[in-house]
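Data file: coords-v3.tsv. Format and content: TSV, C-alpha atoms.
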chain	number	residue	atom	x	y	z
E	406	MET	CA	-20.24	37.80	-19.72
E	407	ASN	CA	-22.48	35.06	-18.33
E	408	GLN	CA	-20.79	32.15	-16.62
E	409	GLN	CA	-21.05	28.77	-18.26
E	410	PRO	CA	-23.18	26.26	-16.32
E	411	LEU	CA	-21.61	23.32	-14.55
E	412	PRO	CA	-20.96	20.60	-17.15
E	413	LEU	CA	-23.22	17.99	-15.53
E	414	ASP	CA	-26.10	20.31	-14.73
E	415	GLY	CA	-29.31	18.44	-15.63
E	416	ILE	CA	-27.78	14.97	-15.21
E	417	THR	CA	-29.42	12.72	-12.61
E	418	VAL	CA	-27.45	9.94	-10.95
E	419	VAL	CA	-28.87	7.16	-8.77
E	420	ALA	CA	-26.32	5.31	-6.67
E	421	VAL	CA	-26.67	2.19	-4.55
E	422	GLU	CA	-23.33	2.71	-2.91
E	423	GLN	CA	-21.29	2.25	0.22
E	424	ALA	CA	-17.78	2.79	1.62
E	425	VAL	CA	-15.46	4.74	-0.73
E	426	SER	CA	-15.15	3.63	-4.36
E	427	ALA	CA	-18.67	4.38	-5.61
E	428	PRO	CA	-19.39	7.28	-3.21
E	429	PHE	CA	-16.17	9.07	-4.16
E	430	ALA	CA	-16.96	8.61	-7.87
E	431	THR	CA	-20.47	10.01	-7.52
E	432	ARG	CA	-19.24	12.89	-5.37
E	433	GLN	CA	-17.13	14.02	-8.33
E	434	LEU	CA	-20.30	14.00	-10.43
E	435	ALA	CA	-22.18	16.01	-7.80
E	436	ASP	CA	-19.40	18.59	-7.59
E	437	LEU	CA	-19.72	19.12	-11.36
E	438	GLY	CA	-23.45	19.75	-11.14
E	439	ALA	CA	-25.15	16.35	-11.30
E	440	ARG	CA	-28.07	15.55	-9.05
E	441	VAL	CA	-27.00	12.47	-7.09
E	442	ILE	CA	-29.60	10.37	-5.27
E	443	LYS	CA	-27.89	8.09	-2.78
E	444	VAL	CA	-29.80	4.93	-1.88
E	445	GLU	CA	-29.02	3.72	1.65
E	446	ARG	CA	-30.22	0.99	3.99
E	447	PRO	CA	-32.84	2.13	6.55
E	448	ASP	CA	-30.91	0.42	9.37
E	449	GLY	CA	-27.85	2.64	9.54
E	450	GLY	CA	-27.34	3.53	5.90
E	451	ASP	CA	-23.98	3.46	4.16
E	452	PHE	CA	-21.77	1.62	6.65
E	453	ALA	CA	-19.10	4.31	6.19
E	454	ARG	CA	-21.36	6.51	8.33
E	455	GLY	CA	-20.14	4.46	11.30
E	456	TYR	CA	-16.39	4.36	10.62
E	457	ASP	CA	-15.55	7.10	13.13
E	458	THR	CA	-16.89	10.30	14.69
E	459	ALA	CA	-13.98	12.61	13.87
E	460	ALA	CA	-15.90	15.26	11.87
E	461	ARG	CA	-17.94	16.85	14.67
E	462	GLY	CA	-19.56	13.49	15.37
E	463	LEU	CA	-19.76	12.42	11.72
E	464	ALA	CA	-17.50	9.89	10.02
E	465	SER	CA	-14.60	11.46	8.14
E	466	HIS	CA	-14.85	9.00	5.22
E	467	PHE	CA	-18.54	9.78	4.82
E	468	VAL	CA	-18.02	13.55	4.95
E	469	TRP	CA	-15.25	13.28	2.35
E	470	CYS	CA	-17.23	11.19	-0.15
E	471	ASN	CA	-20.85	12.30	0.13
E	472	ARG	CA	-21.35	16.03	-0.07
E	473	GLY	CA	-23.99	17.37	-2.41
E	474	LYS	CA	-26.15	14.23	-2.45
E	475	GLU	CA	-29.75	13.43	-1.60
E	476	SER	CA	-30.26	10.44	0.71
E	477	ILE	CA	-33.19	8.06	0.42
E	478	ALA	CA	-33.29	5.14	2.86
E	479	VAL	CA	-34.89	2.06	1.25
E	480	ASP	CA	-34.95	-1.65	2.08
E	481	LEU	CA	-33.99	-3.33	-1.19
E	482	LYS	CA	-34.96	-6.75	0.18
E	483	ASP	CA	-38.61	-5.66	0.25
E	484	PRO	CA	-40.20	-5.71	-3.23
E	485	ARG	CA	-41.83	-2.36	-2.51
E	486	GLY	CA	-38.46	-0.82	-1.71
E	487	LEU	CA	-36.83	-2.34	-4.77
E	488	ASP	CA	-39.65	-0.98	-6.92
E	489	ILE	CA	-38.91	2.53	-5.62
E	490	VAL	CA	-35.30	2.24	-6.75
E	491	HIS	CA	-36.27	0.91	-10.17
E	492	ARG	CA	-38.64	3.86	-10.59
E	493	LEU	CA	-35.85	6.27	-9.68
E	494	VAL	CA	-33.53	4.60	-12.19
E	495	ALA	CA	-36.14	4.88	-14.95
E	496	ASP	CA	-35.80	8.67	-14.80
E	497	ALA	CA	-32.01	8.74	-14.31
E	498	ASP	CA	-29.12	9.31	-16.69
E	499	VAL	CA	-26.56	7.36	-14.66
E	500	PHE	CA	-26.70	4.48	-12.20
E	501	VAL	CA	-23.74	3.43	-10.05
E	502	GLN	CA	-23.46	0.46	-7.68
E	503	ASN	CA	-20.71	-1.26	-5.71
E	504	LEU	CA	-22.63	-3.99	-3.91
E	505	ALA	CA	-21.01	-7.34	-3.21
E	506	GLN	CA	-20.43	-9.37	-6.37
E	507	GLY	CA	-23.72	-10.88	-7.59
E	508	ALA	CA	-25.97	-8.87	-5.26
E	509	ALA	CA	-26.93	-6.26	-7.86
E	510	ALA	CA	-27.79	-8.95	-10.42
E	511	ARG	CA	-30.09	-10.66	-7.93
E	512	LEU	CA	-31.94	-7.36	-7.55
E	513	GLY	CA	-32.01	-6.62	-11.27
E	514	LEU	CA	-29.70	-3.66	-10.64
E	515	ASP	CA	-26.67	-4.84	-12.58
E	516	ALA	CA	-25.50	-2.70	-15.47
E	517	ALA	CA	-26.39	-5.20	-18.19
E	518	ALA	CA	-29.99	-5.62	-17.04
E	519	LEU	CA	-30.58	-1.92	-16.47
E	520	CYS	CA	-29.09	-0.85	-19.80
E	521	ALA	CA	-31.19	-3.43	-21.61
E	522	ALA	CA	-34.31	-1.93	-20.02
E	523	HIS	CA	-33.19	1.69	-20.38
E	524	PRO	CA	-31.04	2.17	-23.52
E	525	ARG	CA	-30.05	5.77	-22.69
E	526	LEU	CA	-28.85	4.87	-19.20
E	527	VAL	CA	-25.17	4.77	-18.30
E	528	ALA	CA	-24.85	2.07	-15.64
E	529	VAL	CA	-21.67	1.39	-13.68
E	530	ASP	CA	-20.73	-1.79	-11.85
E	531	ILE	CA	-17.77	-1.36	-9.47
E	532	SER	CA	-16.31	-4.54	-8.02
E	533	GLY	CA	-13.17	-5.73	-6.34
E	534	TYR	CA	-11.91	-8.09	-9.04
E	535	GLY	CA	-14.33	-7.94	-11.96
E	536	SER	CA	-17.35	-10.01	-12.97
E	537	GLU	CA	-15.43	-13.08	-14.16
E	538	GLY	CA	-12.40	-15.13	-13.24
E	539	PRO	CA	-11.33	-17.04	-10.12
E	540	TYR	CA	-11.36	-13.92	-7.92
E	541	ALA	CA	-14.78	-12.63	-9.01
E	542	HIS	CA	-16.49	-13.52	-5.74
E	543	LYS	CA	-13.52	-12.90	-3.45
E	544	ARG	CA	-14.14	-10.28	-0.77
E	545	ALA	CA	-12.29	-7.09	-1.68
E	546	TYR	CA	-11.29	-4.38	0.76
E	547	ASP	CA	-8.83	-1.64	-0.02
E	548	MET	CA	-5.87	-3.05	1.91
E	549	LEU	CA	-6.38	-6.52	0.41
E	550	VAL	CA	-6.46	-5.13	-3.14
E	551	GLN	CA	-3.37	-3.00	-2.46
E	552	CYS	CA	-1.58	-6.25	-1.62
E	553	GLU	CA	-3.01	-8.21	-4.57
E	554	ALA	CA	-2.04	-5.40	-6.97
E	555	GLY	CA	1.53	-5.29	-5.64
E	556	LEU	CA	1.36	-1.75	-4.27
E	557	ALA	CA	2.40	-2.84	-0.78
E	558	SER	CA	5.38	-4.71	-2.25
E	559	VAL	CA	6.92	-1.45	-3.49
E	560	THR	CA	5.81	0.74	-0.58
E	561	GLY	CA	7.64	0.94	2.73
E	562	THR	CA	11.19	0.19	3.78
E	563	ALA	CA	13.56	-2.58	2.83
E	564	GLU	CA	12.53	-4.41	6.00
E	565	GLN	CA	8.78	-3.82	5.94
E	566	PRO	CA	6.19	-3.55	3.16
E	567	VAL	CA	3.29	-1.25	4.05
E	568	LYS	CA	-0.04	-0.25	2.58
E	569	ALA	CA	-0.53	3.30	1.38
E	570	GLY	CA	-1.88	5.64	4.03
E	571	ILE	CA	-4.92	6.45	1.87
E	572	PRO	CA	-7.39	3.96	0.30
E	573	ALA	CA	-5.53	3.88	-3.00
E	574	ALA	CA	-7.48	0.97	-4.53
E	575	ASP	CA	-10.82	2.58	-3.71
E	576	ILE	CA	-9.69	5.95	-5.05
E	577	ALA	CA	-8.30	4.43	-8.26
E	578	ALA	CA	-11.58	2.62	-8.94
E	579	ALA	CA	-13.57	5.76	-8.11
E	580	MET	CA	-11.64	7.94	-10.53
E	581	TYR	CA	-11.91	5.41	-13.37
E	582	ALA	CA	-15.64	5.12	-12.66
E	583	PHE	CA	-15.91	8.92	-12.78
E	584	SER	CA	-14.04	9.20	-16.08
E	585	GLY	CA	-15.92	6.18	-17.44
E	586	VAL	CA	-19.24	7.91	-16.77
E	587	LEU	CA	-18.05	11.07	-18.51
E	588	ALA	CA	-16.86	9.08	-21.53
E	589	ALA	CA	-20.13	7.14	-21.74
E	590	LEU	CA	-22.19	10.34	-21.48
E	591	LEU	CA	-20.12	11.86	-24.27
E	592	ARG	CA	-20.76	8.80	-26.42
E	593	ARG	CA	-24.46	8.96	-25.62
E	594	GLY	CA	-24.46	12.53	-26.90
E	595	THR	CA	-23.50	11.28	-30.35
E	596	THR	CA	-25.20	7.84	-30.45
E	597	GLY	CA	-28.21	8.34	-28.20
E	598	ARG	CA	-27.32	5.21	-26.24
E	599	GLY	CA	-25.74	4.84	-22.83
E	600	GLY	CA	-24.41	1.43	-21.88
E	601	PRO	CA	-22.65	-0.50	-19.16
E	602	VAL	CA	-19.38	0.57	-17.56
E	603	GLU	CA	-17.39	-2.03	-15.61
E	604	ILE	CA	-14.67	-1.05	-13.15
E	605	SER	CA	-12.62	-3.30	-10.88
E	606	MET	CA	-10.44	-2.15	-8.01
E	607	LEU	CA	-7.69	-4.63	-8.93
E	608	GLU	CA	-7.47	-3.52	-12.55
E	609	SER	CA	-7.59	0.16	-11.58
E	610	LEU	CA	-4.75	-0.14	-9.10
E	611	ALA	CA	-2.74	-2.47	-11.35
E	612	GLU	CA	-2.82	0.30	-13.97
E	613	TRP	CA	-1.43	2.71	-11.37
E	614	MET	CA	1.44	0.28	-10.81
E	615	GLY	CA	2.71	1.31	-14.24
E	616	HIS	CA	6.40	2.04	-13.63
E	617	PRO	CA	7.30	-0.85	-11.30
E	618	LEU	CA	5.06	-3.24	-13.23
E	619	HIS	CA	6.58	-2.43	-16.62
E	620	HIS	CA	10.07	-2.31	-15.13
E	621	GLY	CA	9.62	-5.81	-13.77
E	622	MET	CA	7.78	-7.29	-16.76
E	623	HIS	CA	10.28	-6.15	-19.34
E	624	GLY	CA	13.49	-7.57	-17.99
E	625	GLY	CA	14.33	-5.50	-14.93
E	626	GLU	CA	13.79	-6.23	-11.27
E	627	ALA	CA	10.94	-4.66	-9.35
E	628	PRO	CA	12.12	-1.44	-7.66
E	629	ALA	CA	13.34	-1.96	-4.12
E	630	ARG	CA	11.37	-0.49	-1.22
E	631	THR	CA	13.31	2.56	-0.09
E	632	GLY	CA	10.98	4.48	2.20
E	633	LEU	CA	11.06	8.14	1.17
E	634	ALA	CA	14.24	7.59	-0.84
E	635	HIS	CA	14.32	6.86	-4.56
E	636	ALA	CA	15.47	3.48	-5.84
E	637	VAL	CA	17.70	4.82	-8.64
E	638	ILE	CA	18.35	8.50	-7.82
E	639	ALA	CA	20.57	9.95	-5.07
E	640	PRO	CA	20.25	12.14	-3.13
E	641	TYR	CA	16.46	11.83	-3.13
E	642	ASP	CA	15.24	11.48	0.44
E	643	ALA	CA	14.06	13.22	3.61
E	644	TYR	CA	16.57	14.76	5.98
E	645	ALA	CA	16.15	15.94	9.57
E	646	THR	CA	16.62	19.63	10.35
E	647	ALA	CA	17.74	21.38	13.51
E	648	ASP	CA	14.20	22.30	14.58
E	649	GLY	CA	12.87	18.74	14.43
E	650	GLY	CA	11.41	19.05	10.95
E	651	GLN	CA	12.20	17.04	7.86
E	652	VAL	CA	13.00	18.38	4.41
E	653	LEU	CA	12.94	16.31	1.24
E	654	LEU	CA	15.15	17.09	-1.70
E	655	SER	CA	15.66	15.59	-5.11
E	656	VAL	CA	18.75	15.94	-7.28
E	657	GLN	CA	17.75	14.96	-10.80
E	658	ASN	CA	21.04	15.43	-12.63
E	659	ASP	CA	24.73	16.09	-12.10
E	660	ARG	CA	24.42	19.84	-12.70
E	661	GLU	CA	22.03	20.02	-9.77
E	662	TRP	CA	24.47	18.01	-7.66
E	663	ARG	CA	27.17	20.58	-8.33
E	664	ARG	CA	24.86	23.40	-7.25
E	665	LEU	CA	23.87	21.45	-4.15
E	666	ALA	CA	27.49	20.82	-3.19
E	667	GLU	CA	28.56	24.42	-3.74
E	668	GLN	CA	25.56	26.42	-2.51
E	669	VAL	CA	23.84	24.23	0.10
E	670	LEU	CA	26.37	21.76	1.44
E	671	GLU	CA	29.13	24.39	1.15
E	672	ARG	CA	31.53	21.68	0.07
E	673	PRO	CA	32.46	22.58	-3.51
E	674	GLU	CA	35.09	19.85	-3.66
E	675	LEU	CA	32.30	17.27	-3.79
E	676	ALA	CA	31.03	18.66	-7.08
E	677	HIS	CA	33.72	16.83	-9.04
E	678	ASP	CA	34.68	14.09	-6.55
E	679	PRO	CA	34.48	10.78	-8.52
E	680	GLU	CA	32.51	9.18	-5.68
E	681	PHE	CA	29.76	11.80	-5.96
E	682	ALA	CA	30.02	13.54	-9.33
E	683	THR	CA	27.57	11.27	-11.19
E	684	ASN	CA	24.22	9.81	-10.22
E	685	THR	CA	25.61	6.32	-10.82
E	686	ALA	CA	28.39	7.02	-8.33
E	687	ARG	CA	26.05	8.65	-5.81
E	688	THR	CA	23.64	5.74	-6.00
E	689	ALA	CA	26.47	3.25	-5.54
E	690	ASN	CA	27.60	5.32	-2.55
E	691	ARG	CA	24.06	6.00	-1.36
E	692	GLU	CA	24.87	5.85	2.36
E	693	ARG	CA	27.85	8.22	2.12
E	694	THR	CA	25.89	10.59	-0.09
E	695	GLY	CA	23.01	10.63	2.35
E	696	ASN	CA	25.31	11.23	5.31
E	697	VAL	CA	26.93	14.24	3.62
E	698	VAL	CA	23.55	15.83	2.91
E	699	ALA	CA	22.16	14.93	6.33
E	700	LYS	CA	25.09	16.53	8.14
E	701	ALA	CA	24.65	19.80	6.26
E	702	LEU	CA	20.89	20.06	6.77
E	703	ALA	CA	21.08	19.05	10.43
E	704	GLY	CA	22.59	22.45	11.16
E	705	LEU	CA	19.70	24.37	9.55
E	706	ASP	CA	16.09	24.77	10.59
E	707	ALA	CA	13.51	23.60	8.05
E	708	ARG	CA	12.64	27.09	6.80
E	709	GLU	CA	16.30	27.97	6.26
E	710	ALA	CA	17.03	24.64	4.57
E	711	VAL	CA	14.14	25.09	2.12
E	712	ALA	CA	15.18	28.68	1.38
E	713	ARG	CA	18.76	27.64	0.65
E	714	LEU	CA	17.67	24.71	-1.53
E	715	GLU	CA	15.25	26.86	-3.51
E	716	ALA	CA	17.90	29.55	-4.02
E	717	ALA	CA	20.15	26.85	-5.50
E	718	GLY	CA	17.35	25.60	-7.78
E	719	ILE	CA	17.03	22.23	-6.02
E	720	ALA	CA	13.59	20.62	-5.87
E	721	CYS	CA	12.52	20.32	-2.25
E	722	ALA	CA	9.56	20.05	0.09
E	723	ARG	CA	8.75	19.88	3.76
E	724	LEU	CA	7.44	16.62	5.22
E	725	ASN	CA	4.09	18.02	6.30
E	726	THR	CA	1.67	16.56	8.77
E	727	VAL	CA	-2.06	16.33	8.02
E	728	ALA	CA	-2.50	19.44	10.19
E	729	ASP	CA	0.10	21.25	8.08
E	730	VAL	CA	-1.80	20.41	4.89
E	731	ALA	CA	-5.02	21.82	6.37
E	732	GLU	CA	-3.20	25.14	6.80
E	733	HIS	CA	-1.02	24.93	3.68
E	734	PRO	CA	-0.18	28.42	2.44
E	735	GLN	CA	-0.57	27.45	-1.23
E	736	LEU	CA	-4.08	26.11	-0.70
E	737	ALA	CA	-4.94	29.23	1.28
E	738	ALA	CA	-3.48	31.55	-1.38
E	739	ARG	CA	-5.56	29.83	-4.06
E	740	ASP	CA	-8.71	30.03	-1.90
E	741	ARG	CA	-9.33	26.28	-2.06
E	742	TRP	CA	-11.36	25.94	1.14
E	743	ARG	CA	-15.12	26.28	1.58
E	744	GLU	CA	-17.69	25.53	4.26
E	745	ILE	CA	-20.37	22.96	3.56
E	746	GLY	CA	-23.49	22.09	5.50
E	747	SER	CA	-23.99	18.86	7.42
E	748	PRO	CA	-26.23	17.41	10.13
E	749	ALA	CA	-23.52	18.44	12.58
E	750	GLY	CA	-23.26	22.02	11.32
E	751	PRO	CA	-20.77	23.71	8.97
E	752	LEU	CA	-17.70	21.68	7.98
E	753	ARG	CA	-14.58	22.71	6.12
E	754	ALA	CA	-14.07	21.07	2.72
E	755	MET	CA	-11.69	21.55	-0.17
E	756	LEU	CA	-12.80	22.54	-3.65
E	757	PRO	CA	-12.46	19.69	-6.18
E	758	PRO	CA	-9.21	19.74	-8.18
E	759	ILE	CA	-11.06	20.22	-11.49
E	760	THR	CA	-11.24	23.99	-11.97
E	761	LEU	CA	-13.30	25.39	-14.84
E	762	PRO	CA	-12.44	29.09	-15.23
E	763	GLY	CA	-15.33	31.12	-16.58
E	764	GLY	CA	-17.88	28.62	-15.34
E	765	GLU	CA	-20.08	28.34	-12.31
E	766	PRO	CA	-18.17	27.29	-9.18
E	767	ALA	CA	-18.25	23.68	-8.08
E	768	ARG	CA	-21.47	22.70	-6.36
E	769	MET	CA	-20.29	22.16	-2.78
E	770	GLY	CA	-23.52	20.70	-1.42
E	771	SER	CA	-24.32	19.56	2.09
E	772	ILE	CA	-23.67	16.16	3.66
E	773	PRO	CA	-27.08	14.43	3.81
E	774	GLY	CA	-28.56	12.90	6.92
E	775	LEU	CA	-29.73	9.32	6.54
E	776	GLY	CA	-33.04	9.38	4.67
E	777	GLU	CA	-33.12	13.17	4.72
E	778	HIS	CA	-34.72	13.29	1.26
E	779	THR	CA	-36.86	10.15	1.40
E	780	ASP	CA	-40.22	11.91	1.74
E	781	ALA	CA	-39.47	14.50	-0.93
E	782	LEU	CA	-38.36	11.84	-3.41
E	783	LEU	CA	-41.40	9.66	-2.75
E	784	ARG	CA	-43.71	12.64	-3.29
E	785	ALA	CA	-41.88	13.51	-6.51
E	786	MET	CA	-42.66	10.07	-7.91
E	787	GLY	CA	-46.35	10.58	-7.14
E	788	MET	CA	-46.67	8.69	-3.85
E	789	THR	CA	-49.20	10.03	-1.36
E	790	ASP	CA	-48.21	10.86	2.20
E	791	GLU	CA	-50.50	8.05	3.39
E	792	ALA	CA	-48.78	5.47	1.19
E	793	ALA	CA	-45.36	6.72	2.29
E	794	ALA	CA	-46.44	6.46	5.93
E	795	VAL	CA	-47.34	2.80	5.41
E	796	LEU	CA	-43.88	2.11	3.94
E	797	ARG	CA	-42.26	3.91	6.85
E	798	ARG	CA	-44.37	1.96	9.35
E	799	ASP	CA	-43.31	-1.30	7.71
E	800	GLY	CA	-39.63	-0.36	7.73
E	801	VAL	CA	-39.41	-0.28	3.94
E	802	VAL	CA	-38.20	3.32	3.99
E	803	ALA	CA	-36.73	5.60	6.61

Turn the structure described in the file into structure tokens.
Amino acid sequence: MNQQPLPLDGITVVAVEQAVSAPFATRQLADLGARVIKVERPDGGDFARGYDTAARGLASHFVWCNRGKESIAVDLKDPRGLDIVHRLVADADVFVQNLAQGAAARLGLDAAALCAAHPRLVAVDISGYGSEGPYAHKRAYDMLVQCEAGLASVTGTAEQPVKAGIPAADIAAAMYAFSGVLAALLRRGTTGRGGPVEISMLESLAEWMGHPLHHGMHGGEAPARTGLAHAVIAPYDAYATADGGQVLLSVQNDREWRRLAEQVLERPELAHDPEFATNTARTANRERTGNVVAKALAGLDAREAVARLEAAGIACARLNTVADVAEHPQLAARDRWREIGSPAGPLRAMLPPITLPGGEPARMGSIPGLGEHTDALLRAMGMTDEAAAVLRRDGVVA
């Protein structure tokens, strides 16, 4: 039986993008088969290219967010460069931008203007705080939005709020932009019209604050910061093991507590002890509960602790490092790793989480060099090599 094509095969995306939110959104589209043309500045390109050199000399953020794209380097401040982008958009199905608030409108690249000119186009504006309101023109970086959205207030320890270790606001906005594009394309399939899509980092991350936000809004207090522990469940934490590892476990109900006490802690008397027998009691006696569990696991190495917990039917996990995740046995067993091309040579990359059995595999394209596809794209729009050479000489393209 023939495999089904990738769902976005035949869709062309033009993106004036930088950093994480828009590039991560368009990378999802590329993985699913879309042709993504990335518009970058001639003088250095997407500034995420310069964040670090960890990926064989390339920036790890850029490698993560930009596989499978074509790069054209164009100076949008030059009318000739801007005209090139408008010509690319005229033949595109989707346009995505995350320029500073107001910059796209000044260039005629905002979603409203583009969709008015091209009714079938789906055009996405990604911003920090949205197009209106007192924060519309406020500078928005991931850490700042994490704080504005309250994520840092519920992350960390009782003594210290912290930001998430990943760019959660950028990722939230990227994934809503991705799903917004898919929804708008589906609507276009029935109406024939595309339309604008507006995404803000603040609103995206505020939606992800669902449990603490609703808990606080509807009469409760915001959950306390408890590190790896849980605010209202005990035991639910990480515990040190004899070999220097850490194992997390979660007891979700009193039946599980009884199994933990009898089969892991080897203290069956605790199963019905009034100070531990119910979650309410264990939470009230959180420190004593934690000490009992910690003492038992401290005598086991991590592998033995996990084996004993799993045998008792207790949810558990190891506190893995980033290096551990790269060699995770479950990812290896499911064959989730591939090699992709890049200007620095082959790089390891993980398949996207969306798996479509019976279809073509995800399109794991190469990381583009800055302006790698400029000449080919200019020729495709009918520009002669001589005309392109003049633009290159003038610094309009690279």

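Picture a line from atom CA of Arg713 of chain E to atom CA of Arg741 of chain E; it runs 28.3 Å.
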
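Our summary of the geometry notes that atom CA of Gln502 of chain E is positioned 26.8 Å from atom CA of Gly462 of chain E.
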
*Long-range neighbours of segment 550-563 of chain E as number ranges by chain, 10 Å cut-off, only C-alpha atoms, 3 positions minimum in chain*: E: 533-534, 544-547, 566-569, 572-575, 606-614, 617-618, 627-634

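Between atom CA of Lys482 of chain E and atom CA of Arg446 of chain E lies a distance of 9.8 Å.
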
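You can rank E:Arg598, E:Ile576, E:Ala509, E:Ala522 by their closest distance to Pro428 of chain E using all atoms listed in the file, and at the top of that list sits E:Ile576.
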
*Which protein, DNA or RNA residues have an atom at most 9 Å from (-27.2, 18.8, 2.5), counting only C-alpha atoms? List them as an MDAnalysis selection string.*
chainID E and resid 472:475 745:748 770:774 777

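Shortest separation to Asp414 of chain E among E:Gln668, E:Gln433, E:Ala439, E:Ala781 occurs at residue E:Ala439, atoms counted being only C-alpha atoms.
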